[in-house]
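Have a look at the structure below, then the notes.
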Amino acid sequence: MNDWIRELPKAELHIHIEGSLEPELMFALADRHQMTLPYNSIEAAHQAYQFQDLQSFLDLYYAGANVLCTEQDFYDLTWAYLQRADKQTIRHTEIFFDPQTHTQRGIAFEVAIAGIHQALVDGQSQLGISSGLILCFLRHLSAEDAMKTLEDALPYQDWIVGVGLDSSERGHPPSKFTAVFDRARAHGLLTVAHAGEEGPPEYIWEAIDSLKVSRIDHGVRSPEDPKLMAWLKEQQIPLTVCPLSNIELGVFETLEQHPIKQLLDAGLRVTVNSDDPAYFGGYVQENFMAIYEALNLSQQDLYQLAKNSFLSSFVSESAKEIAIAELDAYMHQTLQELPPLYNTL
Ligand code: ADE
Ligand code: ZN
């Protein structure tokens, strides 16, 4: 199954590129800039990655990002992710970046976006991975700071498909950013937001009503609100779910308690993603494998999750059709190897 999942064509829609910074690259970049890390070794960094909640993770995540200084650093970070994505048959990826994490420490907006963008261009030409870049505002900072960041971004609008909202959720409701998101949409940018990760279902409603999002990132607290479940199903608003992240951050105690199967069975448009793979012990393949094992998913479930990833992406309808045709062909080619469950397709 691990091989089958690895070769299943899929899209990733929820990956913070700063969260793909593996300790190996962190040490290499610290060397490059003669910086000292708070860890003595790569092994010590791995051991330090034990989190109680979202904030305890974010503290290490922002500290780790300090080694990202030059355009080359951002290129190397993104290229390393794309190479891993390629090995896991990710055909399309929509990547978040957090410009304020870098501008706050004196790294110009242009440095981060130029390095990431060049790697994405090379990912398309050298690996055949299509991509979109989503600028995330840090919700623990002010709406004014977000608006200033949007102004910085507008000259690079051709490189960005949309804007999102991440960082500490509790106490920072989506409605705080209504004006910024209005302005982004007026410029033709799409919108997404983290909601219902640690925060309540009301934040999901706010993201939909006030920020007019095309997708909800996480949304795993939706089952607490039956009306919301009905609305997400009716509107087919995608949820970009990140199972290993939710366990590592204590949103659910065990994978067996994770609601992804419940959400899928209820007819919601659920996708599987890695969030911050360097910190949470796995990329998309490992996330698929973990839920397959813990929740007894069928191959039909896995097919539906992969199909949802293309349906939920920001590519053209014709690109979706091409991607889903490849996915269907893969299912048919591998049919003989599959247990009878597949025949329910
Ligand atoms: N930034 C990086 N990962 C995040 C997460 N899981 N939630 C909120 N902000 C984030
Ligand atoms: Zn996230």
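Lettering and numbering for the structure tokens are positional, with chains as A, B, ... in the shown order, residues counted from 1 in each chain, and ligands counted from 1 in the shown order.
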**Study point:** Which of range 36-262 of chain A fall in strand (DSSP E or B), as a PyMOL selection string
**Key:** chain A and resi 90-97+130-138+162-166+190-195+215-218+239-241
How close does chain A get to ligand 1? List, as a Markdown table, each residue of chain A within 7 Å, its nearest atom pair and the distance in Å to one decimal, counting only C-alpha atoms and all ligand atoms.
| residue | atom | partner | partner_atom_place_in_ligand_line | distance |
| --- | --- | --- | --- | --- |
| A:His16 | CA | ligand 1 | 2 (C) | 5.7 |
| A:Gly19 | CA | ligand 1 | 2 (C) | 6.3 |
| A:Leu54 | CA | ligand 1 | 7 (N) | 6.5 |
| A:Leu58 | CA | ligand 1 | 1 (N) | 6.6 |
| A:Asp166 | CA | ligand 1 | 9 (N) | 4.0 |
| A:Ser167 | CA | ligand 1 | 9 (N) | 3.4 |
| A:Ser168 | CA | ligand 1 | 8 (C) | 5.9 |
| A:Glu169 | CA | ligand 1 | 8 (C) | 6.7 |
| A:His194 | CA | ligand 1 | 8 (C) | 6.4 |
| A:Ser245 | CA | ligand 1 | 6 (N) | 6.6 |
| A:Asp275 | CA | ligand 1 | 3 (N) | 5.9 |
| A:Asp276 | CA | ligand 1 | 3 (N) | 5.8 |
Exercise for review: Find the residues around Phe310 in chain A up to 6 Å (only C-alpha atoms counted), leave out those fewer than 2 positions away in its own chain, and share them as a PyMOL selection string.
Suggested key: chain A and resi 11+307-308+312-313+320
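If you look at CA of Thr254 in chain A and CA of Glu224 in chain A, they are 17.9 Å away from each other.
Where the distance criterion is 10 Å and the atoms used are only C-alpha atoms and all ligand atoms, the residues close to ligand 2 are A:Leu13, A:His14, A:Ile15, A:His16, A:Ile17, A:Gly19, A:Phe96, A:Cys136, A:Gly164, A:Leu165, A:Asp166, A:Ser167, A:Ala193, A:His194, A:Ala195, A:Glu197, A:Asp217, A:His218, A:Thr240, A:Val241, A:Cys242, A:Ser245, A:Asn246, A:Asn273, A:Ser274, A:Asp275, A:Asp276.
Comparing A:Gln83, A:Pro201, A:Ala306, A:Gly171 by their smallest distance to Pro226 in chain A, the closest is A:Pro201 (using only C-alpha atoms).
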Exercise for review: Excluding Pro223 in chain A and any residue of its chain fewer than 5 positions from it, enumerate the residues within 9 Å of it, using only C-alpha atoms, and give them as a ChimeraX atom specification.
Suggested key: /A:201,228-229,259,262-263
Which residues are near Leu302 in chain A? Cut-off 9 Å, only C-alpha atoms, ignore same chain within fewer than 2 positions. Put them as a PDB file with N, CA and C atoms, in the first residue's frame.
ATOM      1  N   ILE A   5       0.230   4.150  -2.621  1.00  0.00           N
ATOM      2  CA  ILE A   5      -0.086   5.532  -2.223  1.00  0.00           C
ATOM      3  C   ILE A   5       0.959   6.502  -2.790  1.00  0.00           C
ATOM      4  N   LEU A   8       0.126   7.156  -6.388  1.00  0.00           N
ATOM      5  CA  LEU A   8      -1.202   7.727  -6.640  1.00  0.00           C
ATOM      6  C   LEU A   8      -1.040   9.210  -7.026  1.00  0.00           C
ATOM      7  N   PHE A 288      -1.235  10.153   4.093  1.00  0.00           N
ATOM      8  CA  PHE A 288      -2.180   9.178   3.514  1.00  0.00           C
ATOM      9  C   PHE A 288      -2.038   7.827   4.211  1.00  0.00           C
ATOM     10  N   TYR A 292      -4.805   5.800   6.380  1.00  0.00           N
ATOM     11  CA  TYR A 292      -5.210   4.502   5.806  1.00  0.00           C
ATOM     12  C   TYR A 292      -5.147   3.426   6.892  1.00  0.00           C
ATOM     13  N   LEU A 297      -9.214   3.012   5.979  1.00  0.00           N
ATOM     14  CA  LEU A 297      -9.781   3.583   4.750  1.00  0.00           C
ATOM     15  C   LEU A 297      -9.744   2.552   3.629  1.00  0.00           C
ATOM     16  N   SER A 298     -10.695   2.635   2.734  1.00  0.00           N
ATOM     17  CA  SER A 298     -10.683   1.779   1.542  1.00  0.00           C
ATOM     18  C   SER A 298      -9.888   2.489   0.445  1.00  0.00           C
ATOM     19  N   GLN A 299      -9.562   1.737  -0.595  1.00  0.00           N
ATOM     20  CA  GLN A 299      -8.877   2.388  -1.715  1.00  0.00           C
ATOM     21  C   GLN A 299      -9.803   3.373  -2.406  1.00  0.00           C
ATOM     22  N   GLN A 300     -11.087   3.133  -2.313  1.00  0.00           N
ATOM     23  CA  GLN A 300     -12.036   4.107  -2.856  1.00  0.00           C
ATOM     24  C   GLN A 300     -11.946   5.429  -2.088  1.00  0.00           C
ATOM     25  N   GLN A 304     -10.898   8.978  -3.648  1.00  0.00           N
ATOM     26  CA  GLN A 304     -11.737  10.174  -3.502  1.00  0.00           C
ATOM     27  C   GLN A 304     -10.928  11.335  -2.925  1.00  0.00           C
ATOM     28  N   LEU A 305     -10.057  11.044  -1.966  1.00  0.00           N
ATOM     29  CA  LEU A 305      -9.214  12.101  -1.377  1.00  0.00           C
ATOM     30  C   LEU A 305      -8.276  12.688  -2.425  1.00  0.00           C
ATOM     31  N   ALA A 306      -7.695  11.829  -3.264  1.00  0.00           N
ATOM     32  CA  ALA A 306      -6.802  12.316  -4.317  1.00  0.00           C
ATOM     33  C   ALA A 306      -7.587  13.123  -5.358  1.00  0.00           C
ATOM     34  N   LYS A 307      -8.762  12.602  -5.717  1.00  0.00           N
ATOM     35  CA  LYS A 307      -9.599  13.330  -6.689  1.00  0.00           C
ATOM     36  C   LYS A 307      -9.995  14.703  -6.131  1.00  0.00           C
TER      37      LYS A 307
END
Practice item. Enumerate as a PyMOL selection string all residues of range 64-187 of chain A assigned to alpha helix (DSSP H) by DSSP on the backbone, naming them with the chain letters and numbers the document uses. Key: chain A and resi 64+71-87+99-103+109-122+143-153+178-186
Prev. selection, C-alpha atoms, output as a PDB file, in the first residue's frame:
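Below you can see again05.pdb, which holds the result:
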ATOM      1  CA  GLY A  64      13.849  27.900  12.586  1.00  0.00           C
ATOM      2  CA  GLU A  71      17.074  34.491  -2.315  1.00  0.00           C
ATOM      3  CA  GLN A  72      19.246  31.376  -2.700  1.00  0.00           C
ATOM      4  CA  ASP A  73      18.097  30.115   0.731  1.00  0.00           C
ATOM      5  CA  PHE A  74      14.447  30.411  -0.259  1.00  0.00           C
ATOM      6  CA  TYR A  75      15.215  28.753  -3.571  1.00  0.00           C
ATOM      7  CA  ASP A  76      16.993  25.845  -1.869  1.00  0.00           C
ATOM      8  CA  LEU A  77      14.146  25.407   0.618  1.00  0.00           C
ATOM      9  CA  THR A  78      11.486  25.305  -2.086  1.00  0.00           C
ATOM     10  CA  TRP A  79      13.536  23.124  -4.422  1.00  0.00           C
ATOM     11  CA  ALA A  80      14.105  20.559  -1.663  1.00  0.00           C
ATOM     12  CA  TYR A  81      10.343  20.382  -1.079  1.00  0.00           C
ATOM     13  CA  LEU A  82       9.607  20.003  -4.803  1.00  0.00           C
ATOM     14  CA  GLN A  83      12.055  17.136  -5.141  1.00  0.00           C
ATOM     15  CA  ARG A  84      10.312  15.309  -2.301  1.00  0.00           C
ATOM     16  CA  ALA A  85       6.915  16.109  -3.801  1.00  0.00           C
ATOM     17  CA  ASP A  86       8.060  14.671  -7.120  1.00  0.00           C
ATOM     18  CA  LYS A  87       9.046  11.386  -5.451  1.00  0.00           C
ATOM     19  CA  PRO A  99       6.385  37.072   4.269  1.00  0.00           C
ATOM     20  CA  GLN A 100       5.946  38.846   7.633  1.00  0.00           C
ATOM     21  CA  THR A 101       8.100  36.181   9.315  1.00  0.00           C
ATOM     22  CA  HIS A 102      10.918  37.469   7.135  1.00  0.00           C
ATOM     23  CA  THR A 103      10.196  41.195   6.728  1.00  0.00           C
ATOM     24  CA  PHE A 109       9.675  40.948   0.732  1.00  0.00           C
ATOM     25  CA  GLU A 110      11.278  40.528  -2.668  1.00  0.00           C
ATOM     26  CA  VAL A 111      14.025  38.201  -1.383  1.00  0.00           C
ATOM     27  CA  ALA A 112      11.619  35.525  -0.177  1.00  0.00           C
ATOM     28  CA  ILE A 113       9.187  35.670  -3.060  1.00  0.00           C
ATOM     29  CA  ALA A 114      11.865  35.735  -5.769  1.00  0.00           C
ATOM     30  CA  GLY A 115      13.642  32.625  -4.444  1.00  0.00           C
ATOM     31  CA  ILE A 116      10.411  30.677  -3.980  1.00  0.00           C
ATOM     32  CA  HIS A 117       9.077  31.755  -7.367  1.00  0.00           C
ATOM     33  CA  GLN A 118      12.217  30.711  -9.249  1.00  0.00           C
ATOM     34  CA  ALA A 119      12.125  27.250  -7.668  1.00  0.00           C
ATOM     35  CA  LEU A 120       8.447  26.889  -8.622  1.00  0.00           C
ATOM     36  CA  VAL A 121       9.286  27.827 -12.214  1.00  0.00           C
ATOM     37  CA  ASP A 122      12.039  25.194 -12.244  1.00  0.00           C
ATOM     38  CA  ALA A 143      -4.668  44.093  10.296  1.00  0.00           C
ATOM     39  CA  GLU A 144      -2.618  47.203   9.389  1.00  0.00           C
ATOM     40  CA  ASP A 145       0.531  45.113   9.111  1.00  0.00           C
ATOM     41  CA  ALA A 146      -1.327  42.654   6.888  1.00  0.00           C
ATOM     42  CA  MET A 147      -2.533  45.505   4.684  1.00  0.00           C
ATOM     43  CA  LYS A 148       1.013  46.808   4.340  1.00  0.00           C
ATOM     44  CA  THR A 149       2.172  43.309   3.379  1.00  0.00           C
ATOM     45  CA  LEU A 150      -0.544  43.127   0.731  1.00  0.00           C
ATOM     46  CA  GLU A 151       0.710  46.444  -0.695  1.00  0.00           C
ATOM     47  CA  ASP A 152       4.255  44.985  -0.826  1.00  0.00           C
ATOM     48  CA  ALA A 153       2.873  41.999  -2.703  1.00  0.00           C
ATOM     49  CA  THR A 178     -12.065  41.551   6.472  1.00  0.00           C
ATOM     50  CA  ALA A 179     -10.735  44.780   4.920  1.00  0.00           C
ATOM     51  CA  VAL A 180      -7.429  43.173   3.842  1.00  0.00           C
ATOM     52  CA  PHE A 181      -9.206  40.243   2.232  1.00  0.00           C
ATOM     53  CA  ASP A 182     -11.690  42.613   0.532  1.00  0.00           C
ATOM     54  CA  ARG A 183      -8.768  44.445  -0.991  1.00  0.00           C
ATOM     55  CA  ALA A 184      -7.029  41.233  -2.065  1.00  0.00           C
ATOM     56  CA  ARG A 185     -10.197  39.994  -3.777  1.00  0.00           C
ATOM     57  CA  ALA A 186     -10.670  43.363  -5.470  1.00  0.00           C
TER      58      ALA A 186
END
Point to revise | Which of A:Val161, A:Ala30, A:Val192, A:Leu249 sits closest to Gln55 in chain A [using only C-alpha atoms] | key: A:Leu249
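Between CA of Pro238 in chain A and CA of Leu268 in chain A the separation is 7.2 Å.
CA of Arg269 in chain A sits 12.5 Å away from CA of Ser222 in chain A.
If you measure from each of A:Phe51, A:Phe27, A:Tyr203, A:Tyr39 to Val251 in chain A using only C-alpha atoms, the closest one turns out to be A:Phe51.
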